[in-house]
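Structure, as structure tokens:
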There are 4 protein chains.
Amino acid sequence: MKLVPSLLERGMRVVDLGPDYRLPDPAEYARVYGKPHVDAAHLKEAVYGIPELNRATIRAGRLIANPGCYPTATLLALVPLWNAGAIRGSVVVDAKSGTSGSGASLSPTTHHPEASSTVWPYGTPEHRHVPEMLAAFRTFGSGAPSLVFVPHLVPLVRGILCSIYPTPSDGADPSTWSDLYRRTYAGEAFLRVGGVPRLPWAAGTNRCYLSVQPVGGTAVVFSALDNLGKGGATQAIQNANLLLGLPETAGLQQSGFGV
Amino acid sequence: MKLVPSLLERGMRVVDLGPDYRLPDPAEYARVYGKPHVDAAHLKEAVYGIPELNRATIRAGRLIANPGCYPTATLLALVPLWNAGAIRGSVVVDAKSGTSGSGASLSPTTHHPEASSTVWPYGTPEHRHVPEMLAAFRTFGSGAPSLVFVPHLVPLVRGILCSIYPTPSDGADPSTWSDLYRRTYAGEAFLRVGGVPRLPWAAGTNRCYLSVQPVGGTAVVFSALDNLGKGGATQAIQNANLLLGLPETAGLQQSGFGV
Amino acid sequence: MKLVPSLLERGMRVVDLGPDYRLPDPAEYARVYGKPHVDAAHLKEAVYGIPELNRATIRAGRLIANPGCYPTATLLALVPLWNAGAIRGSVVVDAKSGTSGSGASLSPTTHHPEASSTVWPYGTPEHRHVPEMLAAFRTFGSGAPSLVFVPHLVPLVRGILCSIYPTPSDGADPSTWSDLYRRTYAGEAFLRVGGVPRLPWAAGTNRCYLSVQPVGGTAVVFSALDNLGKGGATQAIQNANLLLGLPETAGLQQSGFGV
Amino acid sequence: MKLVPSLLERGMRVVDLGPDYRLPDPAEYARVYGKPHVDAAHLKEAVYGIPELNRATIRAGRLIANPGCYPTATLLALVPLWNAGAIRGSVVVDAKSGTSGSGASLSPTTHHPEASSTVWPYGTPEHRHVPEMLAAFRTFGSGAPSLVFVPHLVPLVRGILCSIYPTPSDGADPSTWSDLYRRTYAGEAFLRVGGVPRLPWAAGTNRCYLSVQPVGGTAVVFSALDNLGKGGATQAIQNANLLLGLPETAGLQQSGFGV
């Protein structure tokens, strides 16, 4: 947010991988990130960019807030259900992330002897991605469910699996949700709807996998992606492609590994 | 169930580590395990044995059904809340288990190249431990919540972390639940109530760790144990100690590793 | 070896990923693999195919024996030194392999609870790849060093690191070996000579990384590759490209992951 | 070494887990550790303490230098062979260590995303444990072999496996070495001689496992222990027991886990 104003002034288009333009309200930014927002002027025009949910707006923008990893996985699963009125009230999102999600900075939670031998819940009472998700619901539709979001570090390097437990609306039938996803994401290059995904399918790619499975008289939705891919750098490339009028899949049709 | 009748006839006491005496209803057993129950006569007297929840009944019994790993972790967390009326309706239990929980039999899901690189949800639409847990709720109190239970294999060997999302009853205050646990389990040798547990604390022991953390306007309860310890063999020893009138901690005060 | 004769008869060219044509002597094949060789007639024309060591012969052939993973890593490191007279006598090859090297068949050694918690040496007194390597030395030059080869499974999925301890010839200077490699492999698309490699650099690719490091008054040579890539399927593609007159890098310039 | 003089002055006995009293020569200490030795006066009386190799001297001492993890594993395997004249010349020691061997300090090499996906060789051109081992050979006998020592971090938490490749003396028969170990270590509580060890057998204990296996016309010796146990803290307890006249196994007959 310190650099962006001068970039825009020079006529450049910006995809910001950091969190500075993800929350529309500068006061909330200050509360969540513990420091004042110094570019509130551009917050209004910033576009929260998940192409499958708001492609046209991204194309028309010049400043894109690239979403966090957990929000991308969660919103791709929940926004279609929420906007269709299929769910209501509260949603439990139990997320499992590989340790690369914690970044390159060293920390005790990613020290190998610790990280490789436990499942590490964190993010209570409120992970920074919760206000980001709530704001995104309001951007992509109207209102927002209540989120009970608990992330966990698991002994993997890359990949996020969100196990999502929505509350179906009265009369809603979760057995139709797979079809709802297929209709919503028809023609999308990077969305896959089907059986329970494995994280290596997503690793190194810009893909997100969605799966609806019946359980306990209701349904669980699994959403899987690479936290450094669709949950990070490759979604930024996808957003940049849209901003620049390039084919949306440019640079994203081969793996990010081994090149 | 083939062997048990002859053992009881000889006057022996039995702790059964398998599932044969965990479900009180032989018809449900047949449905869940896909084969008829051949010792329905002894089902009536079998005691589902979690000492912290029904010590006196175990002591008076002669046939103990040693609980499954997931039910032990879940019931130690939920039964006190349920019996106190603190929760109602539906509970999401998102369980993460090390691969030793799948047993010594080889399977593709525990083949190292597969198991070490993903989080593997399974147990949909109904894991075998769900009817076991529902029956246990009715045994330990009255009625049962509705369970949305999804187990996941994670790339660890030993340990289960259940992330439990109950629905508080109207007016219930989750910030009091830690104290409820401390009162319920006061004096227990193997129960720990406190901060978020790490799985190596439990590995090789008969301990279960409970932690209540605020999140999303409600609370998540974490329950951690060793699936082969309190969730398996060491709880069987604890039950056997009770049956035999031995000190309950006999043989359980040192680690199961390295001996 | 059962299928190959009929394929050749039809005029097809063959790259065999199995071991049937790697040993020139059918009697040795019978000893090592415990069954008779049933196509000794074609053994004479089979070409052991490591393009960087015998590209011209591969191009002229019609039946290529695609090498094993350990031999590829070892021979790319040792053949240049041996043929230059830089080493003599005995070589210790201490190999560490990810568990995918054991294949898709289930076995106790790759059962996750076992494989993820130890380093598992095997292959004593003689791994099947030792006679393969000795035969290859004689094919690529004259004579062969004595090999002390011990493979170990490590808790990784993909990748082999061979730590190679040669005996320098009298007057040989290991500090010149990096340059020897650079000259030998000048222009090669898939060979990298430099600092100590990390296995993820090789994973999903057809690359082999070589590094010479001084230690204990002599030198250790590290050779790293993906056991399923340059040590397996991608080298087969490279060999097929040569057989078919295609560009040698066809299909090998992007990662084998995520496609 | 800053604290020790005052402790000895007060009549205390000391087991030092750090490296300050492991090298008899203060000039070598300065070279290896990059700082001057400030208590050279006590270096002369310091006893390098591996009870199975010099129990009597430890008992008579008051300042014990507790050995490093790699030296303990290596010396227990090599000293009996060296002192019996069974080996000569140069020995390759290819060591594989879990990441807890790097200590609790955070470093890029033990950052989970890095450490969990590779085998990481280090310690070239000379690991600090090499001069320690050479000095120990001279303490425990006469002269020392030449050591080619290469440690590797593997994606495990606890445990060291040293794969040791000695050069047998003329006429020496490695098939007798297992018996030599059994005689040397007869009656030892913490030494095991036999088949190829797995690291979990040693984890949390003070045990060292030795195994001799034929390979390539010679033999490889495997030495396995817990780098934090026999290679660290529990050997310090064993040394303290000797210093204090306690039973040598006091405190060491149960696992260091789960207590």
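To be explicit about the labels: the chains of the structure tokens are called A, B, and onward in the order shown, and within each one the residues are counted from 1, while ligands get numbers from 1 in the order they are shown.
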
Set the cut-off to 10 Å and count only C-alpha atoms: what are the residues of chain A that reach chain D? Output as a PyMOL selection string. chain A and resi 98-117+155-158

Write out as number ranges by chain each polymer residue whose atoms come within 12 Å of His42 of chain C, counting only C-alpha atoms; drop sequence neighbours fewer than 5 positions from it. C: 1-9, 14, 20-26, 37, 47, 61-65

Could you write out, as a ChimeraX atom specification, all the residues of segment 147-196 of chain B that DSSP marks as strand (DSSP E or B)?
/B:147-153,160-168,191-193

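Going from atom CA of Arg88 of chain B over to atom CA of Gly143 of chain B, you cover 10.5 Å.
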
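Considering only C-alpha atoms, the residue among A:Leu43, A:Ala202, A:Met12, A:Val150 positioned nearest to Pro214 of chain B is A:Val150.
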
From atom CA of Val93 of chain B to atom CA of Gly204 of chain B the spacing works out at 23.6 Å

Practice problem: Among the residues of segment 81-164 of chain D, find those DSSP assigns to alpha helix (DSSP H) from the backbone and print them as number ranges by chain. | Solution: D: 81-83, 112-115, 129-140

Please provide the set of residues having any atom within 12 Å of Arg128 of chain A, restricted to only C-alpha atoms, with same-chain residues fewer than 4 positions apart removed, written as a PyMOL selection string. (chain A and resi 19-20+22-23+28-34+67-71+122-124+132-135+149-151) or (chain B and resi 216)

Selection: 7 Å around Arg198 of chain B, only C-alpha atoms, excl. self and same-chain fewer than 3 positions, as an mmCIF file with N, CA, C and O atoms, in the first residue's frame:
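The result, written out as result_31.cif:
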data_model
loop_
_atom_site.group_PDB
_atom_site.id
_atom_site.type_symbol
_atom_site.label_atom_id
_atom_site.label_comp_id
_atom_site.auth_asym_id
_atom_site.auth_seq_id
_atom_site.Cartn_x
_atom_site.Cartn_y
_atom_site.Cartn_z
ATOM 1 N N THR A 118 2.901 -33.344 14.300
ATOM 2 C CA THR A 118 1.607 -33.020 14.890
ATOM 3 C C THR A 118 0.695 -32.371 13.863
ATOM 4 O O THR A 118 1.116 -32.034 12.756
ATOM 5 N N TRP A 120 -1.481 -29.028 13.849
ATOM 6 C CA TRP A 120 -1.354 -27.827 14.660
ATOM 7 C C TRP A 120 -2.513 -26.862 14.374
ATOM 8 O O TRP A 120 -2.464 -26.125 13.400
ATOM 9 N N TRP B 201 2.603 -35.155 22.726
ATOM 10 C CA TRP B 201 2.372 -35.228 24.171
ATOM 11 C C TRP B 201 1.613 -36.504 24.535
ATOM 12 O O TRP B 201 1.782 -37.054 25.619
#
